[in-house]
$ cat protein_6.txt   # compact mmCIF, C-alpha atoms
# COMPACT_ATOMS: atom_id res chain seq x y z
CA MET A 1 -33.60 -33.58 -12.05
CA GLN A 2 -31.58 -30.75 -10.44
CA GLN A 3 -33.47 -27.45 -10.15
CA LYS A 4 -31.89 -24.54 -12.04
CA ILE A 5 -31.10 -21.71 -9.64
CA GLU A 6 -30.67 -18.11 -10.75
CA THR A 7 -28.39 -16.04 -8.52
CA GLY A 8 -28.91 -12.83 -10.45
CA TYR A 9 -25.27 -12.61 -11.49
CA LYS A 10 -24.54 -11.48 -15.06
CA PRO A 11 -20.80 -11.78 -15.77
CA ARG A 12 -19.00 -9.20 -17.85
CA LYS A 13 -16.98 -10.24 -20.90
CA TYR A 14 -13.70 -10.82 -19.06
CA GLN A 15 -15.37 -12.36 -16.03
CA ASP A 16 -17.05 -14.83 -18.35
CA LEU A 17 -13.70 -15.54 -20.03
CA ILE A 18 -12.05 -16.29 -16.68
CA GLN A 19 -14.84 -18.67 -15.72
CA SER A 20 -14.59 -20.49 -19.06
CA VAL A 21 -10.94 -21.43 -18.49
CA PHE A 22 -11.26 -22.28 -14.80
CA ARG A 23 -8.79 -24.84 -13.45
CA ARG A 24 -7.99 -26.33 -10.10
CA PHE A 25 -5.48 -23.64 -9.07
CA ASN A 26 -6.24 -20.17 -10.46
CA VAL A 27 -4.07 -17.05 -10.03
CA TYR A 28 -5.81 -13.83 -11.08
CA VAL A 29 -3.93 -10.50 -11.13
CA LEU A 30 -6.74 -8.02 -11.76
CA HIS A 31 -6.96 -4.26 -11.84
CA ARG A 32 -8.88 -2.35 -9.20
CA ARG A 33 -12.70 -2.25 -9.72
CA PHE A 34 -12.61 -5.29 -11.99
CA GLY A 35 -15.35 -6.95 -9.95
CA LYS A 36 -13.19 -9.83 -8.78
CA THR A 37 -14.96 -10.46 -5.48
CA VAL A 38 -18.41 -10.67 -7.09
CA MET A 39 -17.02 -12.98 -9.78
CA ALA A 40 -15.25 -15.25 -7.30
CA ILE A 41 -18.24 -15.50 -4.97
CA ASN A 42 -20.45 -16.55 -7.89
CA ILE A 43 -17.90 -19.11 -9.10
CA MET A 44 -17.94 -20.58 -5.61
CA VAL A 45 -21.75 -20.68 -5.37
CA THR A 46 -22.15 -22.21 -8.83
CA LYS A 47 -19.60 -24.93 -8.19
CA ALA A 48 -21.11 -25.68 -4.79
CA ILE A 49 -24.57 -26.25 -6.22
CA SER A 50 -23.25 -28.80 -8.70
CA ASN A 51 -20.93 -30.54 -6.21
CA ASN A 52 -21.86 -34.23 -5.84
CA LEU A 53 -19.72 -34.85 -2.75
CA LYS A 54 -21.28 -35.12 0.71
CA ASN A 55 -21.58 -31.88 2.71
CA PRO A 56 -19.56 -29.50 0.49
CA ARG A 57 -17.51 -26.87 2.33
CA TYR A 58 -16.17 -23.61 0.89
CA GLY A 59 -14.12 -20.73 2.30
CA TYR A 60 -13.55 -17.10 1.37
CA ILE A 61 -10.39 -15.69 2.99
CA ALA A 62 -9.50 -12.00 3.20
CA PRO A 63 -6.35 -10.56 4.86
CA THR A 64 -8.40 -9.95 8.02
CA TYR A 65 -11.72 -11.19 9.35
CA LYS A 66 -13.00 -7.60 9.44
CA GLN A 67 -12.13 -7.16 5.75
CA ALA A 68 -13.87 -10.43 4.86
CA LYS A 69 -17.07 -9.13 6.41
CA MET A 70 -16.76 -5.69 4.84
CA ILE A 71 -15.83 -6.89 1.33
CA ALA A 72 -17.70 -10.13 0.72
CA TRP A 73 -20.43 -10.76 3.29
CA ASP A 74 -23.18 -8.75 1.58
CA TYR A 75 -22.28 -10.29 -1.80
CA LEU A 76 -22.49 -13.83 -0.44
CA LYS A 77 -25.89 -13.19 1.13
CA ASP A 78 -27.23 -11.42 -1.94
CA TYR A 79 -26.19 -14.07 -4.47
CA THR A 80 -27.58 -16.95 -2.38
CA LYS A 81 -30.89 -15.36 -1.33
CA ASN A 82 -32.89 -17.11 -4.09
CA ILE A 83 -31.67 -20.58 -3.11
CA PRO A 84 -34.43 -22.54 -1.31
CA GLY A 85 -33.83 -23.18 2.39
CA ARG A 86 -30.76 -20.95 2.61
CA THR A 87 -29.94 -19.80 6.16
CA VAL A 88 -27.56 -17.06 7.33
CA ASN A 89 -25.45 -16.99 10.50
CA GLU A 90 -24.42 -13.37 11.02
CA ALA A 91 -22.26 -14.11 14.07
CA GLU A 92 -20.10 -16.68 12.27
CA LEU A 93 -20.27 -15.15 8.75
CA ARG A 94 -21.67 -18.41 7.46
CA VAL A 95 -24.29 -19.34 4.89
CA ASP A 96 -25.83 -22.83 4.82
CA ILE A 97 -27.83 -24.36 2.00
CA PRO A 98 -29.66 -27.61 2.77
CA ARG A 99 -30.02 -30.32 0.11
CA PRO A 100 -33.01 -32.39 1.29
CA ASP A 101 -32.74 -34.75 -1.67
CA ARG A 102 -29.19 -35.63 -0.61
CA GLY A 103 -29.62 -35.27 3.14
CA ASP A 104 -26.68 -32.88 3.53
CA VAL A 105 -25.75 -29.19 3.69
CA ILE A 106 -23.55 -26.90 1.58
CA ARG A 107 -21.64 -24.45 3.77
CA PHE A 108 -19.87 -21.18 2.89
CA THR A 109 -17.70 -19.50 5.55
CA LEU A 110 -15.87 -16.17 5.55
CA LEU A 111 -12.47 -16.22 7.25
CA GLY A 112 -9.52 -13.94 8.03
CA ALA A 113 -5.89 -14.75 7.26
CA GLU A 114 -4.58 -12.93 10.35
CA ASN A 115 -5.26 -16.03 12.45
CA PRO A 116 -4.30 -19.05 10.31
CA THR A 117 -4.87 -21.55 13.13
CA SER A 118 -8.60 -20.73 13.10
CA ILE A 119 -8.79 -22.39 9.67
CA LEU A 120 -7.28 -25.69 10.82
CA GLY A 121 -9.46 -28.71 11.53
CA ILE A 122 -11.80 -28.33 8.54
CA TYR A 123 -11.87 -29.60 4.97
CA LEU A 124 -12.56 -27.53 1.87
CA ASP A 125 -13.93 -28.23 -1.60
CA GLY A 126 -12.93 -24.77 -2.75
CA VAL A 127 -11.33 -21.62 -1.36
CA ILE A 128 -10.96 -17.99 -2.45
CA PHE A 129 -7.95 -15.89 -1.36
CA ASP A 130 -8.87 -12.22 -1.85
CA GLU A 131 -5.85 -9.84 -1.90
CA TYR A 132 -3.53 -12.80 -1.43
CA GLY A 133 -0.46 -10.55 -1.56
CA SER A 134 -1.38 -9.07 1.83
CA MET A 135 -1.44 -12.47 3.51
CA GLU A 136 1.15 -14.46 5.36
CA PRO A 137 2.95 -16.62 2.74
CA THR A 138 2.59 -19.88 4.68
CA ILE A 139 -1.21 -19.69 4.90
CA TRP A 140 -1.39 -21.53 1.57
CA THR A 141 1.40 -24.09 1.90
CA LYS A 142 1.09 -24.95 5.58
CA VAL A 143 -2.57 -24.31 6.35
CA VAL A 144 -4.99 -24.35 3.41
CA ARG A 145 -3.33 -26.61 0.83
CA PRO A 146 -3.64 -29.75 3.04
CA LEU A 147 -7.36 -28.99 3.60
CA LEU A 148 -8.05 -29.47 -0.14
CA THR A 149 -6.22 -32.76 -0.53
CA ASP A 150 -8.70 -35.54 0.19
CA ARG A 151 -11.54 -33.92 -1.82
CA LEU A 152 -9.33 -32.52 -4.60
CA GLY A 153 -10.55 -29.01 -3.83
CA TRP A 154 -9.84 -25.95 -5.98
CA SER A 155 -8.50 -22.51 -5.13
CA ILE A 156 -8.57 -18.95 -6.45
CA PHE A 157 -5.77 -16.50 -5.61
CA MET A 158 -6.58 -12.95 -6.64
CA GLY A 159 -5.62 -9.36 -6.03
CA THR A 160 -3.60 -6.42 -7.31
CA PRO A 161 0.23 -6.38 -7.18
CA GLN A 162 1.94 -5.26 -3.99
CA GLY A 163 5.56 -5.67 -4.97
CA ALA A 164 7.54 -8.84 -5.64
CA ASN A 165 6.00 -10.77 -2.75
CA ASN A 166 4.38 -14.19 -2.29
CA PHE A 167 1.58 -13.32 -4.76
CA LYS A 168 4.15 -12.53 -7.45
CA LYS A 169 5.95 -15.82 -6.76
CA LEU A 170 2.69 -17.75 -7.07
CA TYR A 171 1.80 -15.92 -10.29
CA ASP A 172 5.22 -16.77 -11.75
CA HIS A 173 4.79 -20.39 -10.72
CA ALA A 174 1.38 -20.65 -12.38
CA LYS A 175 2.67 -18.88 -15.49
CA SER A 176 5.59 -21.32 -15.80
CA GLU A 177 3.37 -24.39 -15.66
CA LYS A 178 2.48 -26.34 -18.79
CA SER A 179 -0.77 -25.50 -20.56
CA ASP A 180 -2.31 -28.82 -19.56
CA SER A 181 -1.47 -28.49 -15.86
CA ASP A 182 -3.80 -27.77 -12.93
CA TRP A 183 -2.50 -24.18 -12.75
CA ILE A 184 -3.49 -21.10 -14.73
CA SER A 185 -2.46 -17.44 -14.41
CA ILE A 186 -4.38 -14.47 -15.80
CA MET A 187 -3.44 -10.78 -15.66
CA LEU A 188 -5.89 -8.11 -16.79
CA LYS A 189 -5.06 -4.38 -16.81
CA ALA A 190 -7.54 -1.50 -16.80
CA SER A 191 -6.16 -0.29 -20.13
CA GLU A 192 -7.07 -3.68 -21.64
CA THR A 193 -10.52 -4.49 -20.28
CA GLY A 194 -12.39 -1.24 -20.91
CA ILE A 195 -14.40 -1.83 -17.72
CA ILE A 196 -13.45 1.59 -16.35
CA PRO A 197 -14.11 4.52 -18.73
CA LYS A 198 -11.00 6.10 -20.19
CA SER A 199 -11.94 9.50 -18.78
CA GLU A 200 -12.15 7.99 -15.29
CA LEU A 201 -8.72 6.39 -15.65
CA GLU A 202 -7.21 9.67 -16.84
CA ASP A 203 -8.69 11.49 -13.86
CA ALA A 204 -7.37 8.83 -11.45
CA LYS A 205 -3.94 9.04 -13.06
CA SER A 206 -3.84 12.81 -12.63
CA MET A 207 -4.78 12.57 -8.93
CA MET A 208 -2.72 9.56 -7.80
CA PRO A 209 1.04 9.06 -7.42
CA GLU A 210 2.31 7.40 -10.60
CA GLU A 211 3.52 4.26 -8.82
CA GLN A 212 0.22 3.85 -7.02
CA TYR A 213 -1.73 4.20 -10.27
CA GLU A 214 0.53 1.71 -12.09
CA GLN A 215 0.10 -0.80 -9.28
CA GLU A 216 -3.67 -0.46 -8.85
CA PHE A 217 -4.79 -0.14 -12.46
CA GLU A 218 -1.96 -1.46 -14.65
CA CYS A 219 -0.93 -4.39 -12.43
CA ARG A 220 2.76 -3.52 -12.25
CA TRP A 221 4.60 -5.62 -9.68
CA GLU A 222 7.50 -3.18 -9.42
CA SER A 223 5.34 -0.21 -8.48
CA ASN A 224 5.19 -0.91 -4.75
CA ILE A 225 8.71 0.33 -4.03
CA GLN A 226 7.27 3.61 -2.76
CA ALA A 227 5.35 1.77 -0.05
CA ALA A 228 8.09 -0.66 0.98
CA TYR A 229 10.34 0.73 3.70
CA PHE A 230 13.32 -1.46 2.86
CA GLY A 231 12.66 -2.23 -0.81
CA LYS A 232 15.78 -0.50 -2.16
CA GLU A 233 18.03 -1.86 0.57
CA MET A 234 16.86 -5.46 0.10
CA THR A 235 17.16 -5.17 -3.69
CA LYS A 236 20.71 -3.91 -3.23
CA ALA A 237 21.49 -6.85 -0.93
CA LYS A 238 20.36 -9.24 -3.67
CA VAL A 239 22.36 -7.46 -6.38
CA GLU A 240 25.47 -7.51 -4.19
CA LYS A 241 24.88 -11.21 -3.41
CA ARG A 242 24.64 -10.60 0.33
CA ILE A 243 21.70 -12.99 0.53
CA THR A 244 23.57 -16.27 0.35
CA ALA A 245 24.92 -19.06 2.57
CA VAL A 246 26.19 -17.34 5.73
CA PRO A 247 28.09 -19.67 8.09
CA TYR A 248 27.89 -19.55 11.88
CA GLU A 249 31.24 -18.26 13.19
CA LYS A 250 31.83 -20.40 16.31
CA SER A 251 34.46 -18.04 17.72
CA LYS A 252 31.96 -15.17 17.86
CA PRO A 253 28.92 -14.87 20.13
CA VAL A 254 25.37 -14.74 18.78
CA HIS A 255 22.96 -12.00 19.84
CA THR A 256 19.21 -12.44 19.50
CA TYR A 257 16.65 -9.69 18.94
CA TRP A 258 12.98 -10.36 19.65
CA ASP A 259 9.54 -9.08 18.81
CA LEU A 260 7.20 -10.58 21.40
CA GLY A 261 3.71 -11.32 20.15
CA ILE A 262 0.77 -11.29 22.52
CA SER A 263 -2.02 -12.69 20.36
CA ASP A 264 0.11 -13.21 17.24
CA SER A 265 3.63 -14.22 16.19
CA THR A 266 6.91 -13.86 18.04
CA ALA A 267 9.96 -13.28 15.83
CA ILE A 268 13.67 -13.71 16.65
CA TRP A 269 16.73 -12.67 14.62
CA PHE A 270 20.12 -14.34 15.27
CA PHE A 271 22.95 -11.86 14.71
CA GLN A 272 26.76 -11.98 14.65
CA GLU A 273 29.23 -9.17 14.08
CA VAL A 274 32.28 -10.50 12.24
CA GLY A 275 34.83 -7.87 11.28
CA GLN A 276 32.97 -5.19 9.34
CA GLU A 277 30.11 -7.57 8.46
CA PHE A 278 26.75 -7.83 10.18
CA ARG A 279 25.67 -11.43 9.73
CA LEU A 280 22.05 -12.55 10.10
CA ILE A 281 22.66 -16.29 10.42
CA ASP A 282 19.20 -17.45 11.44
CA TYR A 283 15.58 -16.46 12.03
CA HIS A 284 12.81 -18.07 14.06
CA GLU A 285 9.10 -17.26 14.14
CA ASP A 286 6.18 -19.04 15.75
CA SER A 287 2.79 -18.32 17.31
CA ASN A 288 0.45 -19.67 19.96
CA VAL A 289 3.26 -21.28 21.97
CA ASP A 290 4.72 -20.34 25.37
CA LEU A 291 8.09 -18.71 25.99
CA MET A 292 9.63 -22.02 26.98
CA SER A 293 9.13 -23.22 23.40
CA TYR A 294 11.24 -20.33 22.11
CA VAL A 295 13.98 -21.05 24.66
CA LYS A 296 13.95 -24.68 23.53
CA ALA A 297 14.32 -23.49 19.91
CA LEU A 298 17.34 -21.39 20.95
CA GLN A 299 18.91 -24.34 22.71
CA ASP A 300 18.32 -26.70 19.78
CA LYS A 301 20.23 -24.39 17.42
CA GLY A 302 23.37 -24.87 19.50
CA TYR A 303 24.77 -21.34 19.15
CA TRP A 304 27.03 -19.60 21.67
CA TYR A 305 24.79 -16.80 22.89
CA ASN A 306 25.77 -13.54 24.53
CA THR A 307 22.74 -11.26 24.75
CA HIS A 308 19.00 -11.73 24.23
CA ASN A 309 17.37 -8.38 23.49
CA LEU A 310 13.68 -7.85 24.16
CA PRO A 311 11.35 -4.97 23.17
CA HIS A 312 10.30 -2.39 25.76
CA ASP A 313 6.92 -4.04 26.46
CA ALA A 314 8.69 -7.10 27.90
CA ALA A 315 8.96 -5.04 31.12
CA ALA A 316 5.17 -4.75 31.48
CA ARG A 317 3.58 -6.98 34.11
CA GLU A 318 0.93 -9.40 32.90
CA LEU A 319 -2.40 -9.39 34.72
CA GLY A 320 -2.62 -13.17 34.95
CA THR A 321 0.77 -13.90 36.49
CA GLY A 322 1.93 -10.56 37.83
CA LYS A 323 5.28 -11.21 36.16
CA THR A 324 6.95 -9.52 33.24
CA LYS A 325 7.86 -11.41 30.06
CA GLU A 326 11.49 -10.70 30.88
CA GLU A 327 11.12 -12.46 34.24
CA THR A 328 9.31 -15.40 32.63
CA LEU A 329 11.96 -15.71 29.94
CA ARG A 330 14.78 -15.47 32.49
CA ALA A 331 13.25 -18.34 34.45
CA ALA A 332 12.86 -20.37 31.26
CA LEU A 333 16.54 -19.85 30.37
CA ALA A 334 17.56 -20.97 33.85
CA LYS A 335 15.33 -24.04 33.64
CA MET A 336 16.99 -25.05 30.36
CA ASN A 337 20.39 -24.49 32.03
CA MET A 338 21.21 -21.65 29.62
CA LYS A 339 23.04 -19.53 32.17
CA GLY A 340 25.71 -16.88 31.70
CA GLN A 341 23.71 -15.07 29.04
CA THR A 342 22.61 -11.46 29.30
CA LEU A 343 18.90 -10.78 29.02
CA ARG A 344 17.95 -7.16 28.57
CA THR A 345 14.85 -5.15 27.77
CA LEU A 346 15.49 -2.30 25.36
CA PRO A 347 14.02 1.17 25.88
CA ARG A 348 11.11 2.40 23.82
CA PHE A 349 12.24 3.92 20.52
CA THR A 350 10.26 5.94 17.99
CA VAL A 351 9.19 4.11 14.84
CA ASP A 352 10.89 6.65 12.56
CA ASP A 353 14.21 6.35 14.40
CA THR A 354 14.21 2.56 14.21
CA ILE A 355 13.27 2.53 10.52
CA ASN A 356 16.09 4.96 9.71
CA ALA A 357 18.52 2.88 11.76
CA ALA A 358 17.42 -0.25 9.89
CA LYS A 359 17.95 1.43 6.52
CA MET A 360 21.52 2.33 7.51
CA ILE A 361 22.48 -1.06 8.89
CA LEU A 362 20.95 -3.04 5.99
CA ASN A 363 23.74 -1.94 3.67
CA LYS A 364 26.22 -3.85 5.87
CA CYS A 365 24.09 -6.96 6.43
CA TRP A 366 24.59 -10.47 5.11
CA PHE A 367 21.61 -12.86 5.28
CA ASP A 368 21.61 -16.63 5.23
CA ALA A 369 19.25 -17.29 2.32
CA GLU A 370 17.84 -20.55 3.70
CA LYS A 371 17.68 -20.05 7.47
CA CYS A 372 16.53 -16.43 7.17
CA LYS A 373 14.09 -16.97 4.28
CA ARG A 374 11.02 -16.03 6.30
CA GLY A 375 12.78 -13.07 7.92
CA ILE A 376 13.93 -11.77 4.53
CA GLU A 377 10.33 -11.92 3.29
CA THR A 378 9.18 -9.83 6.26
CA LEU A 379 11.75 -7.13 5.46
CA GLU A 380 10.81 -7.12 1.77
CA ASN A 381 7.11 -6.78 2.59
CA TYR A 382 7.24 -4.29 5.46
CA GLN A 383 5.39 -1.26 4.14
CA ARG A 384 3.48 1.93 4.81
CA GLN A 385 -0.27 2.13 5.16
CA TRP A 386 -2.19 3.68 2.28
CA ASP A 387 -4.25 6.65 3.45
CA GLU A 388 -7.48 6.29 1.43
CA LYS A 389 -8.87 9.64 2.56
CA ASN A 390 -5.88 11.74 1.51
CA GLU A 391 -4.65 9.35 -1.20
CA ILE A 392 -1.08 9.33 0.08
CA TRP A 393 1.22 6.84 1.78
CA SER A 394 0.85 7.20 5.54
CA SER A 395 3.83 7.65 7.84
CA LYS A 396 2.57 4.68 9.84
CA PRO A 397 3.59 1.09 9.05
CA LEU A 398 0.96 -1.38 7.91
CA HIS A 399 0.48 -4.01 10.60
CA ASN A 400 0.34 -7.42 8.96
CA TRP A 401 2.24 -10.72 8.93
CA ALA A 402 5.48 -8.94 7.93
CA SER A 403 5.47 -6.64 10.97
CA HIS A 404 6.90 -9.12 13.48
CA GLY A 405 10.18 -9.87 11.73
CA ALA A 406 10.59 -6.25 10.66
CA ASP A 407 9.92 -4.98 14.20
CA ALA A 408 12.55 -7.35 15.64
CA PHE A 409 15.04 -6.17 13.02
CA ARG A 410 14.28 -2.53 13.82
CA MET A 411 15.19 -3.26 17.45
CA LEU A 412 18.45 -4.84 16.31
CA ALA A 413 19.36 -1.83 14.19
CA MET A 414 18.48 0.72 16.85
CA SER A 415 20.28 -1.20 19.57
CA TYR A 416 23.43 -1.30 17.45
CA ARG A 417 23.18 2.41 16.66
CA GLU A 418 22.78 3.27 20.34
CA GLU A 419 25.78 1.12 21.22
CA ALA A 420 27.86 2.71 18.45
CA GLU A 421 26.94 6.18 19.69
CA ARG A 422 27.88 5.26 23.27
CA THR A 423 31.21 3.88 22.08
CA LYS A 424 31.88 7.02 20.06
CA GLU A 425 31.01 9.22 23.03
CA SER A 426 33.30 7.16 25.27
CA ASP A 427 36.14 7.44 22.74
CA LEU A 428 35.69 11.20 22.52
CA GLN A 429 35.82 11.50 26.30
CA ARG A 430 38.98 9.36 26.42
CA ASP A 431 40.65 11.39 23.67
CA TYR A 432 39.74 14.62 25.42
CA LYS A 433 41.17 13.35 28.73
CA THR A 434 44.40 12.21 27.03
CA GLU A 435 44.83 15.59 25.35
CA TYR A 436 44.19 17.35 28.63
CA ASP A 437 46.74 15.18 30.43
CA VAL A 438 49.41 15.80 27.79
CA TYR A 439 49.18 19.56 27.90
CA GLU A 440 48.55 19.93 31.61
CA TYR A 441 51.25 22.02 33.34

$ encode --input "protein_6.txt" --output "structure tokens"
Amino acid sequence: MQQKIETGYKPRKYQDLIQSVFRRFNVYVLHRRFGKTVMAINIMVTKAISNNLKNPRYGYIAPTYKQAKMIAWDYLKDYTKNIPGRTVNEAELRVDIPRPDRGDVIRFTLLGAENPTSILGIYLDGVIFDEYGSMEPTIWTKVVRPLLTDRLGWSIFMGTPQGANNFKKLYDHAKSEKSDSDWISIMLKASETGIIPKSELEDAKSMMPEEQYEQEFECRWESNIQAAYFGKEMTKAKVEKRITAVPYEKSKPVHTYWDLGISDSTAIWFFQEVGQEFRLIDYHEDSNVDLMSYVKALQDKGYWYNTHNLPHDAAARELGTGKTKEETLRAALAKMNMKGQTLRTLPRFTVDDTINAAKMILNKCWFDAEKCKRGIETLENYQRQWDEKNEIWSSKPLHNWASHGADAFRMLAMSYREEAERTKESDLQRDYKTEYDVYEY
């Protein structure tokens, strides 16, 4: 007979309701201070204890490893402390629970979404995504979903809205599913649950920007436009149907613009200027591969290239090789017989200048909806940091999965603006010289 274990958790009314309708794939859009992390951790522990499969494995994933430790680690330790034999590994953020009667071990591990490859090579009986909207979209489809397959594992996606991003798409998907499917979506607003006193909500509303309050407490997807740098421009591109099928014009050269990752992703935009149109015909992003792999990707696309534009840090010499990334990339291009192409490292620009340049150029851009899908998502999700101390949007960009594509696009925009200014200056000098010549006597 299985021993009844008390974790000390007493669910609130709406937490209890969520647990009563639990399905295999659960999407929870919950207002701030709902208690979602405590609820999810206890769902995971409860299901683990009753799991009859051999050596159950469970994961809790936050946007970063540091956040996972800060948000959930104490909760996981606290709600498993009464379980006999439980051991804690502080270095690996792992809790193990032996089952002597079965001869196996239940394992809970905290993980960060900033390094998806660290999650590969394991299996999972259940997984929690906390603040899923801040994570790289492919972490579910390409990384975690396959890990649940052979054991029919479950998942929880939860958080507050952060614009119409991957979390919103998943919520819409779950909401559109039939009532008897494996998916369920639940949205709970602060004005509905009564968890936060009305006086506290009124005070928060008086102190916070309206859009921030609506997002955090009333779960409004549209309220993140204030944080998104390019939200209005990308919405306009959709309305004007400039996100569509954009053909490669073979008579025009392709220019690439790069953001070179060191310990994370490298992003590349493929750009053509055709008449008055700026065409983004392709986008490529990868991580944990060498520069030769990116050159091979360029070659496989079969475009006629003119310039490859690198960020300023490509000129820095690496300690291991003593070479710059520009030199390494130049050698890789030569090895793949991709000669006659200009490789240049752009100067260092200020963030504000590049963001303003990007805003201006976006109104003239056409994006290939399929080939640039990932790149479009990075532009839609590139946003400011929230300054918790001063309760305002910071002037600094939030560094997350969307940064790489957005940074490469900022280089594209600034490079074009610099070139346009040089051309204008040259034209002015030519016009001045012509005028001088005409009237010289």

$ atom_distance --input "protein_6.txt" --atom1 "CA of Phe230 (chain A)" --atom2 "CA of Lys359 (chain A)"
6.6 Å

$ closest_residue --input "protein_6.txt" --among "A:Ala174, A:Leu280, A:Val274, A:Ile195" --to "Arg33 (chain A)" --atoms "all atoms listed in the file"
A:Ile195

$ closest_residue --input "protein_6.txt" --among "A:Glu131, A:Glu92, A:Asp259, A:Glu200" --to "Pro161 (chain A)" --atoms "only C-alpha atoms"
A:Glu131

$ residues_around --input "protein_6.txt" --residues "region 107-122 of chain A" --least-positions-apart "2" --cutoff "8 Å" --atoms "only C-alpha atoms" --output "PyMOL selection string"
chain A and resi 55-69+72-73+92-97+105+124+135-136+139+143-144+147+264+400-401

$ closest_atom_pairs --input "protein_6.txt" --of "region 157-259 of chain A" --to "region 362-375 of chain A" --cutoff "6 Å" --atoms "all atoms listed in the file" --output "JSON lines"
{"residue": "A:Arg242", "atom": "CA", "partner": "A:Trp366", "partner_atom": "CA", "distance": 4.8}
{"residue": "A:Ile243", "atom": "CA", "partner": "A:Phe367", "partner_atom": "CA", "distance": 4.8}
{"residue": "A:Thr244", "atom": "CA", "partner": "A:Ala369", "partner_atom": "CA", "distance": 4.9}
{"residue": "A:Ala245", "atom": "CA", "partner": "A:Asp368", "partner_atom": "CA", "distance": 4.9}
{"residue": "A:Val246", "atom": "CA", "partner": "A:Asp368", "partner_atom": "CA", "distance": 4.7}

$ atom_distance --input "protein_6.txt" --atom1 "CA of Arg220 (chain A)" --atom2 "CA of Asp352 (chain A)"
28.0 Å

$ closest_atom_pairs --input "protein_6.txt" --of "region 241-275 of chain A" --to "region 326-349 of chain A" --cutoff "12 Å" --atoms "only C-alpha atoms" --output "JSON lines"
{"residue": "A:Pro253", "atom": "CA", "partner": "A:Gln341", "partner_atom": "CA", "distance": 10.3}
{"residue": "A:Val254", "atom": "CA", "partner": "A:Gln341", "partner_atom": "CA", "distance": 10.4}
{"residue": "A:His255", "atom": "CA", "partner": "A:Thr342", "partner_atom": "CA", "distance": 9.5}
{"residue": "A:Thr256", "atom": "CA", "partner": "A:Leu343", "partner_atom": "CA", "distance": 9.7}
{"residue": "A:Tyr257", "atom": "CA", "partner": "A:Leu346", "partner_atom": "CA", "distance": 9.9}
{"residue": "A:Trp258", "atom": "CA", "partner": "A:Thr345", "partner_atom": "CA", "distance": 9.8}
{"residue": "A:Asp259", "atom": "CA", "partner": "A:Thr345", "partner_atom": "CA", "distance": 11.1}
{"residue": "A:Leu260", "atom": "CA", "partner": "A:Glu326", "partner_atom": "CA", "distance": 10.4}

$ atom_distance --input "protein_6.txt" --atom1 "CA of Ser155 (chain A)" --atom2 "CA of Lys142 (chain A)"
14.6 Å

$ residues_around --input "protein_6.txt" --residues "region 5-8 of chain A" --least-positions-apart "2" --cutoff "12 Å" --atoms "only C-alpha atoms" --output "list in words"
Gln2, Gln3, Lys10, Pro11, Val38, Met39, Ile41, Asn42, Ile43, Met44, Val45, Thr46, Ala48, Ile49, Ser50, Tyr75, Leu76, Lys77, Asp78, Tyr79, Thr80, Lys81, Asn82, Ile83 and Pro84 of chain A

$ closest_residue --input "protein_6.txt" --among "A:Asn26, A:Asn165, A:Asn306, A:Gln212" --to "Glu377 (chain A)" --atoms "all atoms listed in the file"
A:Asn165

$ residues_around --input "protein_6.txt" --residues "Tyr294 (chain A)" --least-positions-apart "3" --cutoff "10 Å" --atoms "only C-alpha atoms" --output "PyMOL selection string"
chain A and resi 266-268+284-287+289-291+297-300+329+332-333

$ decode --input "protein_6.txt" --residues "region 173-201 of chain A" --atoms "C-alpha atoms" --output "mmCIF file, in the first residue's frame"
data_model
loop_
_atom_site.group_PDB
_atom_site.id
_atom_site.type_symbol
_atom_site.label_atom_id
_atom_site.label_comp_id
_atom_site.auth_asym_id
_atom_site.auth_seq_id
_atom_site.Cartn_x
_atom_site.Cartn_y
_atom_site.Cartn_z
ATOM 1 C CA HIS A 173 -3.913 26.558 -30.477
ATOM 2 C CA ALA A 174 -5.026 25.038 -27.184
ATOM 3 C CA LYS A 175 -8.182 27.157 -27.184
ATOM 4 C CA SER A 176 -9.100 25.987 -30.694
ATOM 5 C CA GLU A 177 -8.800 22.309 -29.821
ATOM 6 C CA LYS A 178 -11.869 20.164 -29.186
ATOM 7 C CA SER A 179 -13.051 19.731 -25.612
ATOM 8 C CA ASP A 180 -12.026 16.073 -25.590
ATOM 9 C CA SER A 181 -8.491 16.701 -26.868
ATOM 10 C CA ASP A 182 -5.197 16.500 -24.962
ATOM 11 C CA TRP A 183 -5.001 20.321 -24.862
ATOM 12 C CA ILE A 184 -6.602 22.808 -22.492
ATOM 13 C CA SER A 185 -6.223 26.581 -22.141
ATOM 14 C CA ILE A 186 -7.107 28.627 -19.056
ATOM 15 C CA MET A 187 -6.887 32.399 -18.584
ATOM 16 C CA LEU A 188 -7.456 33.966 -15.172
ATOM 17 C CA LYS A 189 -7.373 37.730 -14.563
ATOM 18 C CA ALA A 190 -6.799 39.477 -11.236
ATOM 19 C CA SER A 191 -10.223 41.111 -11.492
ATOM 20 C CA GLU A 192 -11.777 37.625 -11.649
ATOM 21 C CA THR A 193 -9.943 35.588 -9.025
ATOM 22 C CA GLY A 194 -10.068 37.908 -6.004
ATOM 23 C CA ILE A 195 -6.646 36.620 -4.925
ATOM 24 C CA ILE A 196 -5.232 40.144 -4.773
ATOM 25 C CA PRO A 197 -7.293 42.609 -2.683
ATOM 26 C CA LYS A 198 -9.125 45.236 -4.704
ATOM 27 C CA SER A 199 -7.374 48.043 -2.834
ATOM 28 C CA GLU A 200 -3.996 46.566 -3.782
ATOM 29 C CA LEU A 201 -4.982 46.361 -7.447
#
